[in-house]
$ cat work-v9.txt   # compact mmCIF, C-alpha atoms
# COMPACT_ATOMS: atom_id res chain seq x y z
CA MET M 1345 0.00 0.00 0.00
CA LYS M 1346 1.30 3.44 -0.93
CA GLU M 1347 2.23 5.77 1.90
CA HIS M 1348 0.66 9.22 1.77
CA THR M 1349 1.77 12.42 3.42
CA TYR M 1350 -0.35 15.49 4.06
CA TYR M 1351 0.55 18.87 5.46
CA VAL M 1352 -1.26 21.62 7.33
CA TYR M 1353 0.45 24.94 6.75
CA ILE M 1354 0.22 28.61 7.65
CA LEU M 1355 1.17 31.44 5.31
CA THR M 1356 1.49 35.13 5.97
CA ASN M 1357 3.19 38.15 4.39
CA ALA M 1358 5.98 40.53 5.42
CA THR M 1359 3.65 42.41 7.80
CA ARG M 1360 2.43 39.12 9.35
CA ARG M 1361 -1.19 40.05 8.59
CA PRO M 1362 -3.35 38.15 7.82
CA PHE M 1363 -2.81 34.39 8.11
CA TYR M 1364 -3.89 31.69 5.69
CA THR M 1365 -4.21 28.09 6.88
CA GLY M 1366 -4.41 25.27 4.35
CA VAL M 1367 -3.94 21.56 3.82
CA THR M 1368 -2.08 19.88 0.96
CA SER M 1369 -0.37 16.68 -0.11
CA SER M 1370 2.70 18.62 -1.29
CA VAL M 1371 3.70 21.59 0.83
CA VAL M 1372 6.58 22.38 -1.57
CA SER M 1373 4.38 22.55 -4.69
CA ARG M 1374 1.52 24.30 -2.92
CA THR M 1375 3.80 26.95 -1.43
CA ASP M 1376 5.26 27.55 -4.89
CA GLN M 1377 1.74 27.99 -6.30
CA HIS M 1378 1.01 30.63 -3.64
CA LYS M 1379 4.30 32.42 -4.36
CA GLN M 1380 3.52 32.47 -8.10
CA LYS M 1381 -0.05 33.66 -7.45
CA ILE M 1382 -1.45 30.99 -9.78
CA VAL M 1383 -5.01 32.05 -8.92
CA GLU M 1384 -4.79 35.82 -9.42
CA ASN M 1385 -7.83 36.90 -7.41
CA SER M 1386 -7.43 34.41 -4.58
CA TYR M 1387 -7.25 35.43 -0.93
CA THR M 1388 -3.54 34.57 -0.77
CA ALA M 1389 -2.73 36.53 -3.94
CA ARG M 1390 -4.77 39.56 -2.85
CA TYR M 1391 -2.93 39.82 0.48
CA ASN M 1392 0.46 38.61 -0.86
CA LEU M 1393 0.44 35.59 1.48
CA SER M 1394 3.49 33.71 0.29
CA ARG M 1395 5.65 33.36 3.40
CA LEU M 1396 5.43 29.82 4.80
CA VAL M 1397 5.85 30.25 8.55
CA TYR M 1398 4.50 26.95 9.88
CA PHE M 1399 3.62 23.43 8.82
CA GLU M 1400 2.82 20.02 10.28
CA GLN M 1401 2.96 16.60 8.62
CA TYR M 1402 0.25 13.91 8.77
CA GLN M 1403 -0.12 10.40 7.38
CA TYR M 1404 -3.90 10.55 7.01
CA VAL M 1405 -5.81 13.25 5.15
CA GLY M 1406 -8.64 13.15 7.71
CA ASP M 1407 -6.21 14.04 10.50
CA ALA M 1408 -4.78 16.90 8.44
CA ILE M 1409 -8.24 18.29 7.65
CA ARG M 1410 -9.30 18.08 11.31
CA ARG M 1411 -6.14 19.96 12.35
CA GLU M 1412 -6.66 22.59 9.65
CA LYS M 1413 -10.20 23.22 10.91
CA GLN M 1414 -8.94 23.38 14.49
CA LEU M 1415 -6.25 25.96 13.62
CA LYS M 1416 -8.69 28.06 11.59
CA ASN M 1417 -10.84 28.40 14.70
CA TRP M 1418 -7.96 29.48 16.93
CA SER M 1419 -7.44 33.08 17.95
CA ARG M 1420 -4.67 35.08 16.30
CA LYS M 1421 -2.79 35.10 19.62
CA LYS M 1422 -2.85 31.30 19.82
CA LYS M 1423 -1.67 30.95 16.19
CA ILE M 1424 1.21 33.33 16.86
CA ALA M 1425 2.29 31.24 19.87
CA LEU M 1426 2.18 28.09 17.71
CA ILE M 1427 4.24 29.69 14.93
CA GLU M 1428 6.81 31.15 17.32
CA ALA M 1429 7.28 27.80 19.07
CA MET M 1430 8.53 26.33 15.78
CA ASN M 1431 9.75 29.41 13.94
CA PRO M 1432 10.59 32.20 16.42
CA LYS M 1433 12.15 34.44 13.74
CA TRP M 1434 9.18 34.01 11.37
CA ASP M 1435 11.54 32.84 8.62
CA ASP M 1436 10.02 31.87 5.29
CA LEU M 1437 10.45 28.11 5.58
CA GLY M 1438 9.97 27.76 1.84
CA ARG M 1439 12.38 30.45 0.67
CA GLU M 1440 15.00 27.94 -0.41
CA TRP M 1441 12.47 25.69 -2.13
CA GLY M 1442 13.04 25.28 -5.80
CA LYS M 1443 16.63 24.66 -4.88
CA PRO M 1444 17.72 21.24 -3.58
CA ILE M 1445 16.29 20.90 -0.07
CA ASP M 1446 16.28 18.35 2.70
CA LEU M 1447 12.62 18.22 3.75
CA ALA M 1448 13.39 15.38 6.19
CA ALA M 1449 15.82 17.66 8.06
CA ILE M 1450 13.20 20.42 8.28
CA ILE M 1451 10.63 17.98 9.65
CA ALA M 1452 13.16 16.53 12.10
CA ALA M 1453 13.97 20.06 13.35
CA GLN M 1454 10.23 20.74 13.75
CA LYS M 1455 9.81 17.61 15.88
CA LYS M 1456 12.57 18.76 18.26
CA THR M 1457 10.54 21.81 19.29

$ encode --input "work-v9.txt" --output "structure tokens"
Amino acid sequence: MKEHTYYVYILTNATRRPFYTGVTSSVVSRTDQHKQKIVENSYTARYNLSRLVYFEQYQYVGDAIRREKQLKNWSRKKKIALIEAMNPKWDDLGREWGKPIDLAAIIAAQKKT
């Protein structure tokens, strides 16, 4: 049986307002689509939400969707605490994507926090 991987992710922009929370089977490809503004009039394109500041990995799509819904209902303050626990400098975790990356190392670093 084929293994699947799903991601819940949070995007923002340089001003850190607003947030966008999504779920995908390829966080690298999906982040690239947001950066390229593939859908011109989308929420993420309109607010220039292309900075990946947080993500989590799941084996089952149902778990990822439940987590996405949970995060979407959280207060801004709670989302900020979650992001800063993993990414205190608010780095764009996808800025090097498109270049050779070690996604396993990023996930391993996330699990240490």

$ residues_near_point --input "work-v9.txt" --point "(1.9, 37.5, 4.1)" --cutoff "7 Å" --atoms "all atoms listed in the file" --output "MDAnalysis selection string"
chainID M and resid 1355:1363 1391:1395

$ closest_residue --input "work-v9.txt" --among "M:Asn1417, M:Ser1386, M:Thr1375, M:Gln1403" --to "Arg1439 in chain M" --atoms "all atoms listed in the file"
M:Thr1375

$ residues_around --input "work-v9.txt" --residues "Glu1400 in chain M" --least-positions-apart "2" --cutoff "10 Å" --atoms "all atoms listed in the file" --output "PyMOL selection string"
chain M and resi 1350-1354+1367+1371+1398+1402+1408+1411-1412+1451+1454-1455

$ closest_residue --input "work-v9.txt" --among "M:Leu1426, M:Tyr1387, M:Ile1382, M:Gly1366" --to "Arg1410 in chain M" --atoms "all atoms listed in the file"
M:Gly1366

$ residues_around --input "work-v9.txt" --residues "Val1372 in chain M" --least-positions-apart "2" --cutoff "12 Å" --atoms "only C-alpha atoms" --output "PDB file with C-alpha atoms, in the coordinates of the input"
ATOM      1  CA  TYR M1350      -0.350  15.490   4.060  1.00  0.00           C
ATOM      2  CA  TYR M1351       0.550  18.870   5.460  1.00  0.00           C
ATOM      3  CA  VAL M1352      -1.260  21.620   7.330  1.00  0.00           C
ATOM      4  CA  TYR M1353       0.450  24.940   6.750  1.00  0.00           C
ATOM      5  CA  VAL M1367      -3.940  21.560   3.820  1.00  0.00           C
ATOM      6  CA  THR M1368      -2.080  19.880   0.960  1.00  0.00           C
ATOM      7  CA  SER M1369      -0.370  16.680  -0.110  1.00  0.00           C
ATOM      8  CA  SER M1370       2.700  18.620  -1.290  1.00  0.00           C
ATOM      9  CA  ARG M1374       1.520  24.300  -2.920  1.00  0.00           C
ATOM     10  CA  THR M1375       3.800  26.950  -1.430  1.00  0.00           C
ATOM     11  CA  ASP M1376       5.260  27.550  -4.890  1.00  0.00           C
ATOM     12  CA  GLN M1377       1.740  27.990  -6.300  1.00  0.00           C
ATOM     13  CA  HIS M1378       1.010  30.630  -3.640  1.00  0.00           C
ATOM     14  CA  LYS M1379       4.300  32.420  -4.360  1.00  0.00           C
ATOM     15  CA  SER M1394       3.490  33.710   0.290  1.00  0.00           C
ATOM     16  CA  LEU M1396       5.430  29.820   4.800  1.00  0.00           C
ATOM     17  CA  PHE M1399       3.620  23.430   8.820  1.00  0.00           C
ATOM     18  CA  LEU M1437      10.450  28.110   5.580  1.00  0.00           C
ATOM     19  CA  GLY M1438       9.970  27.760   1.840  1.00  0.00           C
ATOM     20  CA  ARG M1439      12.380  30.450   0.670  1.00  0.00           C
ATOM     21  CA  GLU M1440      15.000  27.940  -0.410  1.00  0.00           C
ATOM     22  CA  TRP M1441      12.470  25.690  -2.130  1.00  0.00           C
ATOM     23  CA  GLY M1442      13.040  25.280  -5.800  1.00  0.00           C
ATOM     24  CA  LYS M1443      16.630  24.660  -4.880  1.00  0.00           C
ATOM     25  CA  PRO M1444      17.720  21.240  -3.580  1.00  0.00           C
ATOM     26  CA  ILE M1445      16.290  20.900  -0.070  1.00  0.00           C
ATOM     27  CA  ASP M1446      16.280  18.350   2.700  1.00  0.00           C
ATOM     28  CA  LEU M1447      12.620  18.220   3.750  1.00  0.00           C
TER      29      LEU M1447
END

$ closest_residue --input "work-v9.txt" --among "M:Glu1347, M:Val1397, M:Ala1448, M:Val1383" --to "Ile1427 in chain M" --atoms "only C-alpha atoms"
M:Val1397

$ atom_distance --input "work-v9.txt" --atom1 "CA of Pro1432 in chain M" --atom2 "CA of Gln1380 in chain M"
25.5 Å

$ atom_distance --input "work-v9.txt" --atom1 "CA of Asn1431 in chain M" --atom2 "CA of Gly1406 in chain M"
25.3 Å

$ atom_distance --input "work-v9.txt" --atom1 "CA of Lys1433 in chain M" --atom2 "CA of Ile1450 in chain M"
15.1 Å

$ decode --input "work-v9.txt" --residues "range 1386-1403 of chain M" --atoms "N, CA and C atoms" --output "PDB file, in the first residue's frame"
ATOM      1  N   SER M1386      -7.243  35.191  -5.802  1.00  0.00           N
ATOM      2  CA  SER M1386      -7.426  34.411  -4.576  1.00  0.00           C
ATOM      3  C   SER M1386      -7.090  35.254  -3.341  1.00  0.00           C
ATOM      4  N   TYR M1387      -7.537  34.771  -2.214  1.00  0.00           N
ATOM      5  CA  TYR M1387      -7.249  35.428  -0.932  1.00  0.00           C
ATOM      6  C   TYR M1387      -5.743  35.579  -0.726  1.00  0.00           C
ATOM      7  N   THR M1388      -4.995  34.512  -0.996  1.00  0.00           N
ATOM      8  CA  THR M1388      -3.543  34.568  -0.768  1.00  0.00           C
ATOM      9  C   THR M1388      -2.856  35.523  -1.733  1.00  0.00           C
ATOM     10  N   ALA M1389      -3.317  35.597  -2.968  1.00  0.00           N
ATOM     11  CA  ALA M1389      -2.731  36.530  -3.936  1.00  0.00           C
ATOM     12  C   ALA M1389      -3.066  37.974  -3.566  1.00  0.00           C
ATOM     13  N   ARG M1390      -4.311  38.198  -3.185  1.00  0.00           N
ATOM     14  CA  ARG M1390      -4.768  39.561  -2.848  1.00  0.00           C
ATOM     15  C   ARG M1390      -3.982  40.157  -1.689  1.00  0.00           C
ATOM     16  N   TYR M1391      -3.646  39.330  -0.694  1.00  0.00           N
ATOM     17  CA  TYR M1391      -2.929  39.816   0.480  1.00  0.00           C
ATOM     18  C   TYR M1391      -1.447  39.446   0.464  1.00  0.00           C
ATOM     19  N   ASN M1392      -0.955  38.966  -0.685  1.00  0.00           N
ATOM     20  CA  ASN M1392       0.459  38.609  -0.857  1.00  0.00           C
ATOM     21  C   ASN M1392       0.932  37.620   0.214  1.00  0.00           C
ATOM     22  N   LEU M1393       0.124  36.595   0.460  1.00  0.00           N
ATOM     23  CA  LEU M1393       0.439  35.591   1.476  1.00  0.00           C
ATOM     24  C   LEU M1393       1.285  34.500   0.835  1.00  0.00           C
ATOM     25  N   SER M1394       2.577  34.652   0.935  1.00  0.00           N
ATOM     26  CA  SER M1394       3.487  33.708   0.288  1.00  0.00           C
ATOM     27  C   SER M1394       4.618  33.255   1.215  1.00  0.00           C
ATOM     28  N   ARG M1395       4.609  33.724   2.438  1.00  0.00           N
ATOM     29  CA  ARG M1395       5.650  33.358   3.397  1.00  0.00           C
ATOM     30  C   ARG M1395       5.164  32.176   4.245  1.00  0.00           C
ATOM     31  N   LEU M1396       5.767  31.012   4.030  1.00  0.00           N
ATOM     32  CA  LEU M1396       5.429  29.816   4.799  1.00  0.00           C
ATOM     33  C   LEU M1396       6.093  29.928   6.170  1.00  0.00           C
ATOM     34  N   VAL M1397       5.286  30.068   7.215  1.00  0.00           N
ATOM     35  CA  VAL M1397       5.849  30.253   8.554  1.00  0.00           C
ATOM     36  C   VAL M1397       5.633  29.059   9.472  1.00  0.00           C
ATOM     37  N   TYR M1398       4.781  28.105   9.022  1.00  0.00           N
ATOM     38  CA  TYR M1398       4.501  26.955   9.883  1.00  0.00           C
ATOM     39  C   TYR M1398       3.929  25.825   9.054  1.00  0.00           C
ATOM     40  N   PHE M1399       4.295  24.580   9.398  1.00  0.00           N
ATOM     41  CA  PHE M1399       3.619  23.425   8.819  1.00  0.00           C
ATOM     42  C   PHE M1399       3.760  22.213   9.726  1.00  0.00           C
ATOM     43  N   GLU M1400       2.831  21.294   9.559  1.00  0.00           N
ATOM     44  CA  GLU M1400       2.816  20.023  10.281  1.00  0.00           C
ATOM     45  C   GLU M1400       2.574  18.917   9.257  1.00  0.00           C
ATOM     46  N   GLN M1401       3.083  17.734   9.531  1.00  0.00           N
ATOM     47  CA  GLN M1401       2.955  16.600   8.624  1.00  0.00           C
ATOM     48  C   GLN M1401       2.017  15.542   9.218  1.00  0.00           C
ATOM     49  N   TYR M1402       1.186  14.947   8.354  1.00  0.00           N
ATOM     50  CA  TYR M1402       0.246  13.908   8.768  1.00  0.00           C
ATOM     51  C   TYR M1402       0.259  12.765   7.764  1.00  0.00           C
ATOM     52  N   GLN M1403      -0.036  11.568   8.245  1.00  0.00           N
ATOM     53  CA  GLN M1403      -0.119  10.399   7.378  1.00  0.00           C
ATOM     54  C   GLN M1403      -1.507  10.286   6.742  1.00  0.00           C
TER      55      GLN M1403
END
